$ cat final.tsv   # TSV, C-alpha atoms
chain	number	residue	atom	x	y	z
A	277	MET	CA	174.51	92.75	90.68
A	278	ASP	CA	174.52	96.50	91.13
A	279	LEU	CA	176.51	98.00	88.24
A	280	ILE	CA	178.68	99.96	90.67
A	281	GLU	CA	180.09	96.60	91.83
A	282	THR	CA	180.41	94.81	88.50
A	283	ALA	CA	183.87	95.99	87.61
A	284	ASP	CA	185.23	94.95	90.99
A	285	VAL	CA	184.27	91.28	90.75
A	286	SER	CA	186.79	89.31	88.74
A	287	SER	CA	186.52	85.74	90.02
A	288	GLY	CA	184.11	84.68	87.29
A	289	HIS	CA	181.65	83.30	89.87
A	290	ARG	CA	178.47	85.00	90.95
A	291	HIS	CA	178.30	85.92	94.61
A	292	PRO	CA	176.44	83.30	96.72
A	293	TRP	CA	174.12	86.05	97.96
A	294	GLU	CA	173.04	86.77	94.38
A	295	ILE	CA	172.44	83.10	93.63
A	296	ALA	CA	170.41	82.56	96.80
A	297	ARG	CA	168.39	85.75	96.22
A	298	LEU	CA	167.58	84.47	92.72
A	299	TRP	CA	166.27	81.27	94.34
A	300	VAL	CA	164.07	83.40	96.63
A	301	LEU	CA	162.70	85.22	93.59
A	302	ARG	CA	161.97	81.96	91.75
A	303	ARG	CA	160.20	80.64	94.84
A	304	LEU	CA	158.04	83.76	95.16
A	305	ILE	CA	157.15	83.66	91.46
A	306	GLY	CA	156.17	80.00	91.81
A	307	GLN	CA	153.98	80.73	94.81
A	308	HIS	CA	152.34	83.95	93.69
A	309	VAL	CA	152.82	84.87	90.02
A	310	PRO	CA	151.94	82.36	87.30
A	311	LEU	CA	153.82	83.46	84.18
A	312	ASP	CA	151.71	82.48	81.18
A	313	ASP	CA	153.01	82.35	77.62
A	314	GLY	CA	153.41	85.89	76.35
A	315	ALA	CA	153.75	87.39	79.82
A	316	VAL	CA	155.81	90.58	80.06
A	317	ILE	CA	158.23	90.97	82.98
A	318	VAL	CA	159.95	94.29	83.64
A	319	ASP	CA	163.02	94.36	85.89
A	320	ILE	CA	163.58	97.95	87.00
A	321	GLY	CA	167.09	98.48	88.32
A	322	CYS	CA	168.25	95.32	86.56
A	323	GLY	CA	171.98	95.94	87.12
A	324	ASP	CA	174.02	93.68	84.89
A	325	ALA	CA	170.87	91.66	84.00
A	326	PHE	CA	171.93	88.48	85.80
A	327	VAL	CA	168.46	87.99	87.31
A	328	ILE	CA	166.37	88.45	84.19
A	329	GLY	CA	168.88	86.51	82.12
A	330	GLU	CA	168.39	83.50	84.39
A	331	LEU	CA	164.62	83.90	84.51
A	332	ALA	CA	164.36	84.36	80.75
A	333	ALA	CA	166.10	81.04	80.18
A	334	SER	CA	163.49	79.37	82.40
A	335	PHE	CA	160.51	81.14	80.78
A	336	PRO	CA	161.37	81.27	77.06
A	337	GLN	CA	157.79	82.13	76.05
A	338	ALA	CA	157.77	85.28	78.19
A	339	THR	CA	159.30	88.65	77.32
A	340	PHE	CA	161.74	90.35	79.70
A	341	PHE	CA	162.64	94.02	79.72
A	342	GLY	CA	165.53	95.17	81.91
A	343	VAL	CA	165.86	98.85	82.83
A	344	ASP	CA	168.77	100.51	84.60
A	345	ALA	CA	169.80	104.16	84.40
A	346	ALA	CA	173.43	103.14	85.05
A	347	LEU	CA	173.63	101.04	81.89
A	348	THR	CA	176.00	102.35	79.22
A	349	ASP	CA	175.96	101.61	75.51
A	350	ALA	CA	179.02	99.40	75.99
A	351	VAL	CA	177.41	97.39	78.79
A	352	VAL	CA	174.15	97.03	76.87
A	353	SER	CA	175.99	95.78	73.78
A	354	ALA	CA	178.13	93.33	75.74
A	355	ARG	CA	175.32	91.96	77.90
A	356	GLN	CA	172.65	91.89	75.18
A	357	ALA	CA	174.73	89.54	73.07
A	358	ALA	CA	175.08	87.09	75.98
A	359	LEU	CA	171.44	87.14	77.09
A	360	PRO	CA	168.57	84.90	75.90
A	361	HIS	CA	166.65	86.11	72.86
A	362	ASN	CA	163.63	87.15	74.95
A	363	VAL	CA	165.52	89.82	76.94
A	364	ARG	CA	165.95	93.47	75.96
A	365	LEU	CA	167.82	96.08	77.95
A	366	PHE	CA	167.06	99.80	78.26
A	367	ARG	CA	168.52	102.74	80.15
A	368	ASP	CA	165.17	104.53	80.56
A	369	VAL	CA	161.76	103.13	81.42
A	370	GLU	CA	160.30	105.50	78.82
A	371	ALA	CA	162.00	103.39	76.13
A	372	VAL	CA	160.29	100.15	77.16
A	373	PRO	CA	157.82	99.06	74.44
A	374	ALA	CA	154.17	99.70	75.23
A	375	SER	CA	152.74	96.59	76.89
A	376	THR	CA	151.04	95.64	80.12
A	377	ALA	CA	153.41	93.95	82.53
A	378	ALA	CA	152.37	90.78	84.32
A	379	LEU	CA	155.21	91.27	86.80
A	380	VAL	CA	157.46	94.15	87.80
A	381	LEU	CA	160.65	93.40	89.71
A	382	LEU	CA	162.19	95.94	92.08
A	383	MET	CA	165.11	93.94	93.39
A	384	ASP	CA	167.05	96.08	95.87
A	385	VAL	CA	166.02	99.31	94.16
A	386	LEU	CA	163.94	101.42	96.56
A	387	GLU	CA	166.81	101.97	98.97
A	388	HIS	CA	168.68	103.81	96.17
A	389	ILE	CA	165.90	106.36	95.69
A	390	GLU	CA	165.63	109.37	97.99
A	391	ASP	CA	161.92	109.86	97.31
A	392	ASP	CA	160.83	106.24	97.22
A	393	HIS	CA	157.14	107.17	97.59
A	394	GLY	CA	157.29	109.53	94.62
A	395	PHE	CA	159.10	106.89	92.57
A	396	LEU	CA	156.41	104.30	93.29
A	397	THR	CA	153.48	106.60	92.56
A	398	ASP	CA	155.10	107.67	89.28
A	399	LEU	CA	155.69	104.03	88.35
A	400	LEU	CA	152.10	103.03	89.09
A	401	ALA	CA	150.85	105.80	86.78
A	402	ARG	CA	152.71	104.39	83.77
A	403	PRO	CA	150.78	102.64	80.97
A	404	MET	CA	152.63	99.34	81.48
A	405	ILE	CA	151.02	98.96	84.92
A	406	GLY	CA	147.61	97.31	84.61
A	407	PRO	CA	144.97	96.21	87.12
A	408	ARG	CA	146.51	92.73	87.36
A	409	THR	CA	150.19	93.70	87.40
A	410	GLN	CA	152.05	92.14	90.31
A	411	PHE	CA	155.26	93.33	91.96
A	412	ILE	CA	158.06	91.54	93.76
A	413	VAL	CA	160.18	93.89	95.86
A	414	THR	CA	163.33	93.24	97.87
A	415	VAL	CA	165.20	95.72	100.03
A	416	PRO	CA	167.89	95.59	102.74
A	417	ALA	CA	166.56	95.31	106.29
A	418	TYR	CA	167.00	97.38	109.46
A	419	GLN	CA	168.32	100.94	109.46
A	420	SER	CA	170.37	100.11	112.56
A	421	LEU	CA	172.53	97.91	110.28
A	422	PHE	CA	173.32	100.75	107.86
A	423	SER	CA	177.03	100.43	107.09
A	424	SER	CA	179.84	101.58	104.82
A	425	HIS	CA	178.62	99.16	102.16
A	426	ASP	CA	175.29	101.02	102.07
A	427	VAL	CA	177.21	104.27	101.66
A	428	PHE	CA	179.32	102.77	98.86
A	429	LEU	CA	176.18	101.59	97.05
A	430	LYS	CA	174.51	105.01	97.56
A	431	HIS	CA	171.68	103.68	99.71
A	432	PHE	CA	169.45	106.17	101.48
A	433	ARG	CA	167.90	103.75	103.95
A	434	ARG	CA	167.13	100.21	105.04
A	435	TYR	CA	163.62	98.99	105.91
A	436	THR	CA	161.63	97.01	108.44
A	437	ASN	CA	158.68	94.97	107.17
A	438	SER	CA	156.22	97.52	108.58
A	439	GLN	CA	158.06	100.40	106.91
A	440	LEU	CA	158.15	98.59	103.58
A	441	ARG	CA	154.46	97.68	103.79
A	442	ASP	CA	153.52	101.27	104.64
A	443	ARG	CA	155.57	102.66	101.75
A	444	LEU	CA	154.04	100.24	99.22
A	445	GLU	CA	150.47	100.67	100.43
A	446	ASP	CA	150.77	104.46	100.66
A	447	ALA	CA	151.72	104.44	96.97
A	448	GLY	CA	148.61	102.41	96.07
A	449	LEU	CA	149.76	98.79	96.14
A	450	ARG	CA	148.12	95.92	98.01
A	451	VAL	CA	150.61	93.65	99.81
A	452	SER	CA	149.78	89.94	99.75
A	453	ASP	CA	152.99	88.55	101.28
A	454	ILE	CA	155.87	90.14	103.14
A	455	GLY	CA	158.76	88.86	105.21
A	456	TYR	CA	162.49	88.68	105.85
A	457	PHE	CA	165.17	86.29	104.61
A	458	PHE	CA	168.89	85.62	105.17
A	459	ALA	CA	168.66	85.39	108.96
A	460	SER	CA	172.13	83.81	109.14
A	461	LEU	CA	173.70	87.01	107.79
A	462	LEU	CA	172.35	89.20	110.58
A	463	PRO	CA	175.07	88.39	113.16
A	464	LEU	CA	177.80	88.98	110.56
A	465	ARG	CA	176.38	92.36	109.58
A	466	LEU	CA	175.92	93.34	113.22
A	467	LEU	CA	179.54	92.48	113.99
A	468	GLY	CA	180.63	94.45	110.94
A	469	VAL	CA	178.64	97.50	112.01
A	470	LEU	CA	180.05	97.36	115.54
A	471	LYS	CA	183.57	97.09	114.13
A	472	GLU	CA	182.98	100.10	111.88
A	473	ARG	CA	181.78	102.18	114.80
A	474	MET	CA	185.02	101.48	116.61
A	475	ARG	CA	187.21	101.95	113.53
A	476	PRO	CA	185.58	103.45	110.40
A	477	PRO	CA	186.86	101.90	107.15
A	478	ARG	CA	189.12	103.95	104.90
A	479	ASN	CA	188.09	102.19	101.70
A	480	LEU	CA	184.33	102.00	101.16
A	481	ALA	CA	184.78	99.84	98.05
A	482	GLY	CA	186.39	97.08	100.06
A	483	THR	CA	183.12	95.66	101.36
A	484	GLY	CA	180.41	93.22	100.34
A	485	LEU	CA	180.16	91.77	96.84
A	486	THR	CA	183.15	93.77	95.64
A	487	THR	CA	185.62	91.64	97.58
A	488	TYR	CA	184.22	88.19	96.80
A	489	GLY	CA	186.74	85.87	95.18
A	490	GLY	CA	185.37	82.43	95.98
A	491	GLY	CA	185.95	79.46	93.71
A	492	ALA	CA	183.34	77.14	92.27
A	493	MET	CA	183.13	74.83	95.30
A	494	GLY	CA	183.03	77.67	97.82
A	495	THR	CA	180.37	79.45	95.79
A	496	TRP	CA	178.26	76.30	95.63
A	497	MET	CA	178.53	75.63	99.36
A	498	LEU	CA	177.74	79.17	100.43
A	499	SER	CA	174.89	79.41	97.93
A	500	ALA	CA	173.40	76.17	99.24
A	501	PHE	CA	173.68	77.41	102.82
A	502	LEU	CA	172.01	80.74	102.07
A	503	THR	CA	169.32	79.03	100.01
A	504	ALA	CA	168.53	76.73	102.95
A	505	ASP	CA	168.44	79.80	105.19
A	506	ALA	CA	165.94	81.51	102.87
A	507	LEU	CA	163.88	78.34	102.48
A	508	ALA	CA	163.45	78.14	106.25
A	509	ALA	CA	162.31	81.77	106.44
A	510	LEU	CA	159.82	81.46	103.57
A	511	THR	CA	158.45	78.16	104.88
A	512	LEU	CA	157.92	79.58	108.36
A	513	ARG	CA	156.30	82.69	106.88
A	514	ARG	CA	153.70	80.54	105.12
A	515	VAL	CA	152.55	79.22	108.48
A	516	GLY	CA	152.44	82.68	109.99
A	517	ILE	CA	155.86	82.83	111.64
A	518	SER	CA	158.13	85.73	110.71
A	519	ILE	CA	161.81	85.62	111.62
A	520	PRO	CA	164.24	88.53	111.14
A	521	GLY	CA	166.71	88.59	108.25
A	522	LEU	CA	169.15	90.86	106.49
A	523	SER	CA	166.75	91.37	103.56
A	524	ASN	CA	163.02	92.00	103.17
A	525	TYR	CA	160.71	90.83	100.41
A	526	ALA	CA	157.19	91.87	99.49
A	527	VAL	CA	154.73	90.57	96.92
A	528	CYS	CA	152.03	93.03	95.96
A	529	ARG	CA	149.72	94.14	93.19
A	530	THR	CA	147.88	97.23	92.07
A	531	SER	CA	144.80	98.03	94.13
A	532	ALA	CA	142.61	98.68	91.10
$ encode --input "final.tsv" --output "structure tokens"
Amino acid sequence: MDLIETADVSSGHRHPWEIARLWVLRRLIGQHVPLDDGAVIVDIGCGDAFVIGELAASFPQATFFGVDAALTDAVVSARQAALPHNVRLFRDVEAVPASTAALVLLMDVLEHIEDDHGFLTDLLARPMIGPRTQFIVTVPAYQSLFSSHDVFLKHFRRYTNSQLRDRLEDAGLRVSDIGYFFASLLPLRLLGVLKERMRPPRNLAGTGLTTYGGGAMGTWMLSAFLTADALAALTLRRVGISIPGLSNYAVCRTSA
């Protein structure tokens, strides 16, 4: 979860979108990125470390570094104590111990960065990026669906698959798989955008993950639905069929 939203979620349950996106990530890792013992995974823009905490529990022989400029000492202390032993959190990528990453995660990060090309080229020049480092990237899809929630989260843009591919390849990455997921959320977002155009919201914080208060059963049901949605999209993509969705993913590696 983006740290700007963390304080607003008090139900105790993760948002179904987060849980289903984690499933997408696990699926992409299983298909593309074998994580051997001793592998180093760096999650840049890790938020409250939910994603790497879950992955670290599944891959106890790997090392996970989470980086987020919005982390505070208090958040690091609180989260570090609750995370598996193989996770360490940092506020600056410069503080990450010197090691070559097997996998770099950029989960809904690029849209927050005004110069996304400059960010990527700078990242690829860092010592932790080796000739076999792979990347998994997710971003929100379709600029036409830019809404108050994007403004609240300080997004600069949303992407199409072609725009995401161009940005990654221009920076020096080679894309091996790219597609959309969460098709079922497109009509809801479209309706929300149309509503906003007729009556702009007064409270930007009252959108998206910040307002979720579902219980355990509701969370499970919605998570299962979104996971099935994503499974359909990823399965179709493997046979060459791409369907639109509210999010994009890309799997890529350094071109060296």
$ closest_residue --input "final.tsv" --among "A:Gly516, A:Gly494, A:Pro416, A:Pro403" --to "Asp453 of chain A" --atoms "all atoms listed in the file"
A:Gly516
$ residues_around --input "final.tsv" --residues "Met404 of chain A" --least-positions-apart "2" --cutoff "6 Å" --atoms "all atoms listed in the file" --output "ChimeraX atom specification"
/A:375-377,402
$ closest_residue --input "final.tsv" --among "A:Arg355, A:Arg297, A:Arg364, A:Arg434" --to "Ile317 of chain A" --atoms "only C-alpha atoms"
A:Arg364
$ closest_atom_pairs --input "final.tsv" --of "segment 351-465 of chain A" --to "segment 499-512 of chain A" --cutoff "9 Å" --atoms "only C-alpha atoms" --output "Markdown table"
| residue | atom | partner | partner_atom | distance |
| --- | --- | --- | --- | --- |
| A:Gly455 | CA | A:Leu510 | CA | 7.7 |
| A:Tyr456 | CA | A:Ala509 | CA | 6.9 |
| A:Phe457 | CA | A:Ala506 | CA | 5.1 |
| A:Phe458 | CA | A:Ala506 | CA | 5.6 |
| A:Ala459 | CA | A:Asp505 | CA | 6.7 |
| A:Ser460 | CA | A:Asp505 | CA | 6.7 |
| A:Leu461 | CA | A:Leu502 | CA | 8.7 |
$ atom_distance --input "final.tsv" --atom1 "atom CA of Ala332 of chain A" --atom2 "atom CA of Arg290 of chain A"
17.4 Å
$ closest_residue --input "final.tsv" --among "A:Pro476, A:Gly394, A:Gly448, A:Gly521" --to "Thr436 of chain A" --atoms "only C-alpha atoms"
A:Gly521
$ closest_residue --input "final.tsv" --among "A:Arg408, A:Arg367, A:His425, A:Arg441" --to "Leu379 of chain A" --atoms "all atoms listed in the file"
A:Arg408
$ atom_distance --input "final.tsv" --atom1 "atom CA of Gln419 of chain A" --atom2 "atom CA of His431 of chain A"
10.7 Å
$ closest_residue --input "final.tsv" --among "A:Cys528, A:Ile454, A:Ala371, A:Val385" --to "Arg514 of chain A" --atoms "all atoms listed in the file"
A:Ile454
$ residues_near_point --input "final.tsv" --point "(160.2, 80.8, 75.4)" --cutoff "9 Å" --atoms "only C-alpha atoms" --output "ChimeraX atom specification"
/A:313-314,332-339,361-362
$ closest_residue --input "final.tsv" --among "A:Thr495, A:Ser353, A:Asn524, A:Ser452" --to "Gln439 of chain A" --atoms "only C-alpha atoms"
A:Asn524
$ residues_near_point --input "final.tsv" --point "(168.6, 87.4, 82.8)" --cutoff "10 Å" --atoms "only C-alpha atoms" --output "CSV table (one decimal) with C-alpha atoms, in the coordinates of the input"
chain,number,residue,atom,x,y,z
A,319,ASP,CA,163.0,94.4,85.9
A,322,CYS,CA,168.2,95.3,86.6
A,324,ASP,CA,174.0,93.7,84.9
A,325,ALA,CA,170.9,91.7,84.0
A,326,PHE,CA,171.9,88.5,85.8
A,327,VAL,CA,168.5,88.0,87.3
A,328,ILE,CA,166.4,88.4,84.2
A,329,GLY,CA,168.9,86.5,82.1
A,330,GLU,CA,168.4,83.5,84.4
A,331,LEU,CA,164.6,83.9,84.5
A,332,ALA,CA,164.4,84.4,80.8
A,333,ALA,CA,166.1,81.0,80.2
A,334,SER,CA,163.5,79.4,82.4
A,340,PHE,CA,161.7,90.4,79.7
A,341,PHE,CA,162.6,94.0,79.7
A,342,GLY,CA,165.5,95.2,81.9
A,355,ARG,CA,175.3,92.0,77.9
A,356,GLN,CA,172.6,91.9,75.2
A,358,ALA,CA,175.1,87.1,76.0
A,359,LEU,CA,171.4,87.1,77.1
A,360,PRO,CA,168.6,84.9,75.9
A,362,ASN,CA,163.6,87.2,75.0
A,363,VAL,CA,165.5,89.8,76.9
A,364,ARG,CA,166.0,93.5,76.0
A,365,LEU,CA,167.8,96.1,78.0
$ atom_distance --input "final.tsv" --atom1 "atom CA of His393 of chain A" --atom2 "atom CA of Leu440 of chain A"
10.5 Å
$ residues_around --input "final.tsv" --residues "Ser531 of chain A" --least-positions-apart "5" --cutoff "8 Å" --atoms "only C-alpha atoms" --output "PyMOL selection string"
chain A and resi 407+448-450
